[in-house]
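Listing of work.txt, compact mmCIF, C-alpha atoms
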```
# COMPACT_ATOMS: atom_id res chain seq x y z
CA MET A 1 -18.42 58.17 17.36
CA GLY A 2 -20.46 55.20 18.56
CA ALA A 3 -20.78 53.91 15.01
CA ILE A 4 -17.03 54.13 14.47
CA MET A 5 -16.38 52.26 17.70
CA ARG A 6 -18.86 49.57 16.77
CA ARG A 7 -17.22 49.20 13.39
CA ALA A 8 -13.79 48.95 15.02
CA VAL A 9 -15.02 46.27 17.41
CA MET A 10 -16.56 44.30 14.55
CA LEU A 11 -13.37 44.64 12.54
CA CYS A 12 -11.28 43.41 15.45
CA GLY A 13 -13.69 40.52 16.05
CA GLY A 14 -13.57 39.69 12.37
CA VAL A 15 -9.77 39.60 12.43
CA VAL A 16 -9.83 37.23 15.42
CA VAL A 17 -12.38 34.93 13.76
CA ALA A 18 -10.40 34.98 10.52
CA GLY A 19 -7.31 34.16 12.53
CA LEU A 20 -9.07 31.19 14.04
CA LEU A 21 -10.41 29.93 10.75
CA ALA A 22 -7.69 30.73 8.25
CA GLY A 23 -4.76 28.46 7.85
CA GLY A 24 -3.96 25.31 6.01
CA CYS A 25 -2.78 21.76 6.07
CA ALA A 26 0.74 20.44 5.97
CA TRP A 27 2.10 17.00 5.36
CA SER A 28 5.56 15.73 6.09
CA ARG A 29 7.06 12.30 5.66
CA VAL A 30 10.26 10.71 6.87
CA GLU A 31 11.44 7.46 5.36
CA ILE A 32 13.78 5.67 7.72
CA ASN A 33 16.67 3.86 6.11
CA ASP A 34 16.31 1.88 2.89
CA GLY A 35 12.67 1.51 1.85
CA GLN A 36 13.65 -1.43 -0.36
CA THR A 37 14.87 -3.55 2.56
CA TYR A 38 11.82 -5.82 2.51
CA ALA A 39 12.11 -6.51 -1.22
CA LYS A 40 15.84 -7.09 -1.00
CA SER A 41 15.45 -9.53 1.88
CA ARG A 42 13.38 -11.85 -0.34
CA ALA A 43 16.60 -12.73 -2.18
CA VAL A 44 18.25 -14.13 0.94
CA ARG A 45 18.21 -17.96 1.07
CA PRO A 46 18.41 -19.56 4.53
CA GLY A 47 21.02 -22.31 4.59
CA LYS A 48 22.84 -20.90 1.55
CA THR A 49 23.45 -17.16 1.79
CA THR A 50 26.67 -16.22 3.57
CA THR A 51 27.34 -13.11 5.63
CA ALA A 52 29.27 -11.47 2.80
CA GLN A 53 26.51 -12.26 0.31
CA LEU A 54 23.91 -10.96 2.76
CA GLU A 55 25.60 -7.57 3.01
CA ALA A 56 25.94 -7.46 -0.79
CA ILE A 57 22.24 -8.21 -1.22
CA MET A 58 21.13 -5.70 1.38
CA GLY A 59 23.57 -3.06 0.13
CA SER A 60 24.98 -2.19 3.53
CA ALA A 61 26.17 -3.51 6.85
CA PRO A 62 23.40 -4.17 9.39
CA ASN A 63 22.25 -1.47 11.80
CA THR A 64 22.84 -3.81 14.73
CA VAL A 65 24.87 -6.99 15.20
CA MET A 66 23.94 -8.94 18.30
CA PRO A 67 25.79 -12.02 19.56
CA VAL A 68 23.42 -14.77 20.71
CA LYS A 69 23.98 -18.22 22.18
CA ASP A 70 25.83 -21.09 20.49
CA GLY A 71 28.21 -18.72 18.71
CA ARG A 72 25.50 -17.34 16.45
CA GLN A 73 24.95 -13.72 15.50
CA LEU A 74 21.81 -11.76 14.78
CA PHE A 75 22.07 -9.19 11.98
CA ILE A 76 19.36 -6.55 12.31
CA TYR A 77 18.27 -4.07 9.65
CA ASN A 78 15.69 -1.42 10.55
CA PHE A 79 13.59 0.58 8.16
CA GLY A 80 10.24 2.35 8.27
CA ASP A 81 8.05 5.30 7.53
CA SER A 82 6.77 8.25 9.54
CA LYS A 83 3.93 10.49 8.39
CA THR A 84 2.81 13.75 10.00
CA GLU A 85 -0.31 15.60 9.01
CA GLU A 86 -1.02 19.07 10.41
CA PHE A 87 -4.12 21.19 10.39
CA ASN A 88 -2.91 24.73 10.98
CA LEU A 89 -5.06 27.61 12.01
CA ILE A 90 -3.38 30.85 12.92
CA LEU A 91 -4.16 30.56 16.60
CA VAL A 92 -4.15 26.83 17.00
CA ARG A 93 -2.46 23.85 15.38
CA PHE A 94 -3.42 20.17 15.39
CA ALA A 95 -0.99 17.49 14.29
CA LYS A 96 -0.54 13.78 14.46
CA THR A 97 2.46 11.64 13.60
CA ASN A 98 2.08 7.98 12.77
CA ALA A 99 5.32 6.02 12.65
CA ARG A 100 5.90 2.38 11.89
CA LEU A 101 9.26 0.76 12.00
CA ASP A 102 10.08 -2.58 10.47
CA THR A 103 12.86 -4.97 11.22
CA ALA A 104 14.69 -7.62 9.26
CA TYR A 105 16.32 -10.33 11.39
CA PHE A 106 18.96 -12.59 9.89
CA MET A 107 20.20 -15.30 12.23
CA ILE A 108 23.75 -16.22 11.24
CA ASN A 109 25.14 -19.57 12.39
CA LYS A 110 28.70 -20.05 13.59
CA ASN A 111 29.78 -20.96 10.04
CA GLY A 112 28.71 -17.54 8.78
CA VAL A 113 25.62 -18.77 6.91
CA VAL A 114 22.12 -17.35 7.26
CA GLU A 115 20.08 -19.80 9.32
CA HIS A 116 16.74 -18.01 9.61
CA VAL A 117 15.13 -14.91 8.12
CA SER A 118 12.30 -12.89 9.67
CA VAL A 119 11.18 -9.61 8.12
CA SER A 120 8.16 -7.44 8.88
CA ASN A 121 6.44 -5.19 6.37
CA ASN A 122 4.13 -2.98 8.41
CA SER A 123 5.42 0.39 7.22
CA GLN A 124 3.84 0.05 3.78
CA ARG A 125 0.48 1.37 4.95
CA VAL A 126 1.06 4.18 7.45
CA PRO A 127 -2.11 6.31 7.62
CA TRP A 128 -2.24 10.12 7.33
CA GLU A 129 -4.15 11.56 10.30
CA TRP A 130 -4.27 14.98 11.93
CA VAL A 131 -6.64 14.63 14.91
CA PRO A 132 -4.39 14.47 17.99
CA PHE A 133 -7.12 13.46 20.45
CA GLY A 134 -8.86 10.23 21.39
CA ASN A 135 -7.51 6.73 21.85
CA MET B 1 -15.63 52.70 27.09
CA ARG B 2 -17.07 49.20 27.25
CA GLN B 3 -16.47 48.74 23.53
CA TRP B 4 -12.83 49.67 23.96
CA LEU B 5 -12.58 47.09 26.71
CA VAL B 6 -14.09 44.40 24.49
CA MET B 7 -11.73 45.36 21.69
CA MET B 8 -8.71 45.19 23.99
CA VAL B 9 -9.79 41.81 25.35
CA LEU B 10 -10.19 40.46 21.82
CA ALA B 11 -6.81 41.86 20.83
CA GLY B 12 -5.32 40.36 24.00
CA VAL B 13 -6.81 36.95 23.23
CA ALA B 14 -5.42 37.14 19.71
CA ALA B 15 -1.96 38.10 20.95
CA LEU B 16 -1.72 35.80 23.93
CA GLY B 17 -3.40 32.84 22.32
CA SER B 18 -1.17 32.90 19.30
CA GLY B 19 0.21 29.46 18.83
CA CYS B 20 -1.55 26.72 20.76
CA ALA B 21 -0.46 23.40 19.34
CA PHE B 22 -1.71 19.89 20.03
CA HIS B 23 0.43 17.06 18.73
CA ARG B 24 0.18 13.32 19.12
CA THR B 25 2.72 10.72 18.04
CA VAL B 26 1.99 7.02 17.77
CA ALA B 27 4.75 4.58 16.89
CA ASN B 28 4.16 0.95 15.99
CA ALA B 29 0.41 1.08 16.62
CA HIS B 30 0.03 -2.29 14.89
CA PHE B 31 1.69 -4.01 17.87
CA LYS B 32 -1.34 -3.07 20.00
CA ASP B 33 -3.39 -5.72 18.27
CA ILE B 34 -1.04 -8.67 18.71
CA ASP B 35 -2.93 -11.80 19.73
CA PRO B 36 -0.60 -14.24 21.48
CA SER B 37 -3.24 -17.00 21.75
CA PHE B 38 -1.43 -19.14 19.16
CA ILE B 39 1.42 -19.71 21.65
CA THR B 40 1.68 -23.04 23.39
CA VAL B 41 3.71 -22.66 26.56
CA GLY B 42 6.60 -25.15 26.66
CA LYS B 43 6.33 -25.91 22.94
CA THR B 44 6.33 -22.75 20.77
CA THR B 45 9.87 -21.69 19.84
CA VAL B 46 11.34 -18.27 19.12
CA TYR B 47 11.29 -19.02 15.38
CA ASP B 48 7.59 -19.96 15.60
CA VAL B 49 6.88 -16.58 17.21
CA LEU B 50 9.00 -14.68 14.68
CA ASP B 51 7.34 -16.47 11.75
CA ARG B 52 3.89 -15.64 13.08
CA LEU B 53 4.34 -12.11 14.47
CA GLY B 54 7.44 -10.92 12.66
CA PRO B 55 10.33 -9.38 14.57
CA PRO B 56 9.94 -6.63 17.19
CA ALA B 57 10.83 -3.10 16.07
CA PRO B 58 12.19 -0.08 17.92
CA VAL B 59 9.99 2.97 18.43
CA SER B 60 12.56 5.76 18.54
CA GLU B 61 16.22 4.75 18.47
CA LEU B 62 17.85 1.81 16.74
CA SER B 63 19.83 1.06 19.90
CA GLU B 64 16.54 -0.19 21.34
CA ASN B 65 17.13 -3.42 19.42
CA PHE B 66 19.21 -4.60 22.37
CA ARG B 67 16.24 -4.15 24.69
CA LEU B 68 13.74 -5.86 22.41
CA ILE B 69 15.45 -9.18 21.80
CA SER B 70 17.83 -11.54 23.55
CA ASP B 71 18.32 -15.29 23.95
CA THR B 72 15.51 -15.28 26.46
CA HIS B 73 12.93 -12.73 25.30
CA LEU B 74 11.15 -10.86 22.54
CA CYS B 75 9.41 -7.57 23.32
CA TYR B 76 6.80 -5.89 21.09
CA VAL B 77 6.31 -2.23 21.98
CA CYS B 78 3.87 0.50 21.00
CA TYR B 79 4.77 4.09 21.98
CA GLU B 80 2.56 7.15 22.21
CA SER B 81 3.17 10.75 23.20
CA ARG B 82 0.89 13.76 23.57
CA ARG B 83 2.41 17.23 23.43
CA THR B 84 0.71 20.54 24.12
CA THR B 85 2.42 23.84 23.37
CA PHE B 86 1.22 27.29 24.35
CA ALA B 87 3.21 30.04 22.69
CA LEU B 88 1.77 33.00 24.55
CA GLY B 89 2.61 36.15 22.66
CA TYR B 90 5.56 35.17 20.52
CA VAL B 91 7.45 38.35 21.26
CA LEU B 92 6.94 38.49 25.01
CA PHE B 93 7.32 34.92 26.24
CA LEU B 94 9.08 31.72 25.34
CA PRO B 95 6.64 28.91 24.50
CA PHE B 96 5.40 26.60 27.21
CA CYS B 97 5.48 22.93 26.27
CA TRP B 98 4.17 19.87 28.07
CA GLU B 99 4.59 16.31 26.88
CA ASP B 100 3.71 12.86 28.14
CA GLY B 101 5.20 9.86 26.38
CA GLN B 102 4.60 6.26 27.37
CA MET B 103 5.11 2.74 26.13
CA THR B 104 1.37 2.24 25.87
CA ASP B 105 1.50 -1.46 25.04
CA GLU B 106 4.32 -3.86 25.71
CA LEU B 107 4.05 -7.58 24.99
CA LEU B 108 6.92 -9.51 26.56
CA ILE B 109 7.44 -13.11 25.46
CA GLU B 110 10.03 -14.97 27.50
CA PHE B 111 11.83 -18.15 26.50
CA ASP B 112 13.52 -20.87 28.48
CA ARG B 113 17.28 -20.36 28.18
CA ASP B 114 18.08 -24.04 27.61
CA SER B 115 15.19 -25.37 25.53
CA GLY B 116 14.35 -22.10 23.73
CA VAL B 117 10.58 -22.55 24.07
CA VAL B 118 8.11 -20.01 25.43
CA SER B 119 8.02 -19.93 29.21
CA SER B 120 5.78 -16.90 29.85
CA VAL B 121 3.87 -14.09 28.17
CA THR B 122 3.16 -10.76 29.85
CA ARG B 123 1.32 -7.69 28.58
CA THR B 124 1.71 -4.24 30.14
CA ARG B 125 -0.50 -1.31 29.26
CA GLN B 126 0.06 2.31 30.27
CA ALA B 127 -2.20 5.19 29.23
CA THR B 128 -1.03 8.64 28.19
CA VAL B 129 -2.52 11.94 29.37
CA ARG B 130 -2.39 15.40 27.87
CA PRO B 131 -0.71 17.79 30.31
CA PRO B 132 -1.45 20.45 31.42
CA LEU B 133 -5.09 19.87 30.44
CA GLN B 134 -5.04 16.48 32.20
CA GLY B 135 -3.17 15.67 35.37
CA GLU B 136 -1.79 12.40 36.72
CA SER B 137 -5.16 11.70 38.34
CA ALA B 138 -6.67 11.35 34.85
CA ARG B 139 -4.25 8.57 33.93
CA ALA B 140 -5.72 5.08 33.98
CA PRO B 141 -3.77 2.72 36.26
CA ARG B 142 -0.89 0.80 34.72
CA GLN B 143 -2.01 -2.74 33.91
CA THR B 144 0.33 -5.70 33.91
CA GLN B 145 -1.30 -8.93 32.93
CA ASN B 146 0.32 -12.36 33.01
CA LEU B 147 -1.20 -14.09 29.98
CA THR B 148 0.61 -17.40 30.57
CA PRO B 149 -2.18 -19.17 32.50
CA GLY B 150 -4.63 -18.55 29.63
CA LEU B 151 -2.40 -20.06 26.97
CA ARG B 152 -2.29 -23.68 25.82
CA ARG B 153 0.19 -26.06 27.39
```
Give the structure from the file, written as structure tokens.
Amino acid sequence: MGAIMRRAVMLCGGVVVAGLLAGGCAWSRVEINDGQTYAKSRAVRPGKTTTAQLEAIMGSAPNTVMPVKDGRQLFIYNFGDSKTEEFNLILVRFAKTNARLDTAYFMINKNGVVEHVSVSNNSQRVPWEWVPFGN
Amino acid sequence: MRQWLVMMVLAGVAALGSGCAFHRTVANAHFKDIDPSFITVGKTTVYDVLDRLGPPAPVSELSENFRLISDTHLCYVCYESRRTTFALGYVLFLPFCWEDGQMTDELLIEFDRDSGVVSSVTRTRQATVRPPLQGESARAPRQTQNLTPGLRR
């Protein structure tokens, strides 16, 4: 009887250890808006491109239009990338999400012509990481 | 008898501990490293800043654009959250979830309304903690630093 009990305890312990150790990894990725926004913005020429041409180049209306001083407008396009890596054990799960958003600013003067362009490109190299601790 | 007890404890641990999850989200981590030392107070314009640093970007919702830029400021923000979930016995209890999310680094560059040049630069840092494993006492104090005196004029 003692041997059977010992075997049962070992089996149960083995199941718990296997539960702790078994599992797998998972990766998920979310691309936010048009990933080609940075490339498209290179075709915009300050001092020449009009509002209508800007929207044709970018392929859509801006995400945000903000009135600023002197009758100008700021057209804002946002895009980016978010990557989540998970390390899944049966009893515990570790995950980390790294997200980087980029912005394209087009300052439009009161005549409807692009005056200044500023575009970031930080979302090209978002790292995959799963350790959710530390700084 | 003792072996049965050990077995039940192990089974209990397996059942109750099923589903602890630790998740961390970091958005716009690259804005943590911004060095504003190139700014000359009273001379650097908004276009100079945009050409050097690029535009600010939201961390969660696109409506944040209105908070990040205006005629008088640009704001570069890094966001971080730490979430801990304990799903104790999937069948018996709903999961318990704790989360702490903070704007961990915020660089605010203000411009003079009339001349459009930089008038001040401020950096605010706020640490995150991991509740319930860490309480508010573990959080480092919020730091707001006026960087303007250290910049060129």
Give me, please, the distance in Å between CA of Tyr38 in chain A and CA of Pro67 in chain A, quoted to one decimal.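 Here the two named atoms are 22.9 Å from each other.
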Can you write out as JSON lines which residues of chain B fall within 7 Å of chain A, alongside each residue's closest atom pair and its distance in Å to one decimal, counting all atoms listed in the file and ordering rows by chain and ascending residue number?
```
{"residue": "B:Gln3", "atom": "CA", "partner": "A:Val9", "partner_atom": "CA", "distance": 6.8}
{"residue": "B:Met7", "atom": "CA", "partner": "A:Val9", "partner_atom": "CA", "distance": 5.5}
{"residue": "B:Leu10", "atom": "CA", "partner": "A:Gly13", "partner_atom": "CA", "distance": 6.7}
{"residue": "B:Ala14", "atom": "CA", "partner": "A:Val16", "partner_atom": "CA", "distance": 6.2}
{"residue": "B:Gly17", "atom": "CA", "partner": "A:Leu91", "partner_atom": "CA", "distance": 6.2}
{"residue": "B:Ser18", "atom": "CA", "partner": "A:Leu91", "partner_atom": "CA", "distance": 4.7}
{"residue": "B:Gly19", "atom": "CA", "partner": "A:Leu91", "partner_atom": "CA", "distance": 5.0}
{"residue": "B:Cys20", "atom": "CA", "partner": "A:Val92", "partner_atom": "CA", "distance": 4.6}
{"residue": "B:Ala21", "atom": "CA", "partner": "A:Arg93", "partner_atom": "CA", "distance": 4.5}
{"residue": "B:Phe22", "atom": "CA", "partner": "A:Phe94", "partner_atom": "CA", "distance": 5.0}
{"residue": "B:His23", "atom": "CA", "partner": "A:Ala95", "partner_atom": "CA", "distance": 4.7}
{"residue": "B:Arg24", "atom": "CA", "partner": "A:Lys96", "partner_atom": "CA", "distance": 4.7}
{"residue": "B:Thr25", "atom": "CA", "partner": "A:Thr97", "partner_atom": "CA", "distance": 4.5}
{"residue": "B:Val26", "atom": "CA", "partner": "A:Asn98", "partner_atom": "CA", "distance": 5.1}
{"residue": "B:Ala27", "atom": "CA", "partner": "A:Ala99", "partner_atom": "CA", "distance": 4.5}
{"residue": "B:Asn28", "atom": "CA", "partner": "A:Arg100", "partner_atom": "CA", "distance": 4.7}
{"residue": "B:Leu50", "atom": "CA", "partner": "A:Ser118", "partner_atom": "CA", "distance": 6.3}
{"residue": "B:Asp51", "atom": "CA", "partner": "A:Ser118", "partner_atom": "CA", "distance": 6.5}
{"residue": "B:Gly54", "atom": "CA", "partner": "A:Ser120", "partner_atom": "CA", "distance": 5.2}
{"residue": "B:Pro55", "atom": "CA", "partner": "A:Thr103", "partner_atom": "CA", "distance": 6.1}
{"residue": "B:Pro56", "atom": "CA", "partner": "A:Thr103", "partner_atom": "CA", "distance": 6.9}
{"residue": "B:Ala57", "atom": "CA", "partner": "A:Thr103", "partner_atom": "CA", "distance": 5.6}
{"residue": "B:Pro58", "atom": "CA", "partner": "A:Leu101", "partner_atom": "CA", "distance": 6.7}
{"residue": "B:Val59", "atom": "CA", "partner": "A:Leu101", "partner_atom": "CA", "distance": 6.8}
{"residue": "B:Asp71", "atom": "CA", "partner": "A:Val68", "partner_atom": "CA", "distance": 6.1}
```
Distance of CA of Gln145 in chain B from CA of Arg82 in chain B, expressed in Å to one decimal place: 24.6 Å
Which residue of B:Gly116, B:Pro149, B:Pro141, B:Gly135 approaches His73 in chain B most closely, using only C-alpha atoms: B:Gly116
Which residues come within 9 Å of Ala127 in chain B, counting all atoms listed in the file, excluding same-chain residues fewer than 3 positions away, as an MDAnalysis selection string? chainID B and resid 80 102:105 139:142
Would you work out the distance separating CA of Leu68 in chain B from CA of Leu108 in chain B, expressed in Å to one decimal?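 These atoms are spaced 8.8 Å apart.
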Using all atoms listed in the file, the residue out of A:Phe106, A:Gln124, A:Glu115, A:Gln53 with shortest distance to Gly35 in chain A is A:Gln124
Range 66-76 of chain B, all listed atoms, 5 Å padding on each side: what axis-aligned box centre and edge lengths in Å to one decimal come out, as AutoDock Vina command-line options?
```
--center_x 13.0 --center_y -9.7 --center_z 23.8 --size_x 22.4 --size_y 21.1 --size_z 15.4
```
Residue with smallest distance to Thr144 in chain B - pool B:Val46, B:Val129, B:Ser115, B:Glu106, counting all atoms listed in the file: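 Distance minimum relative to Thr144 in chain B lands on B:Glu106.
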Using all atoms listed in the file, the best pick from B:Cys97, B:Leu5, B:Ile109, B:Leu151 as closest to Pro132 in chain B would be B:Cys97
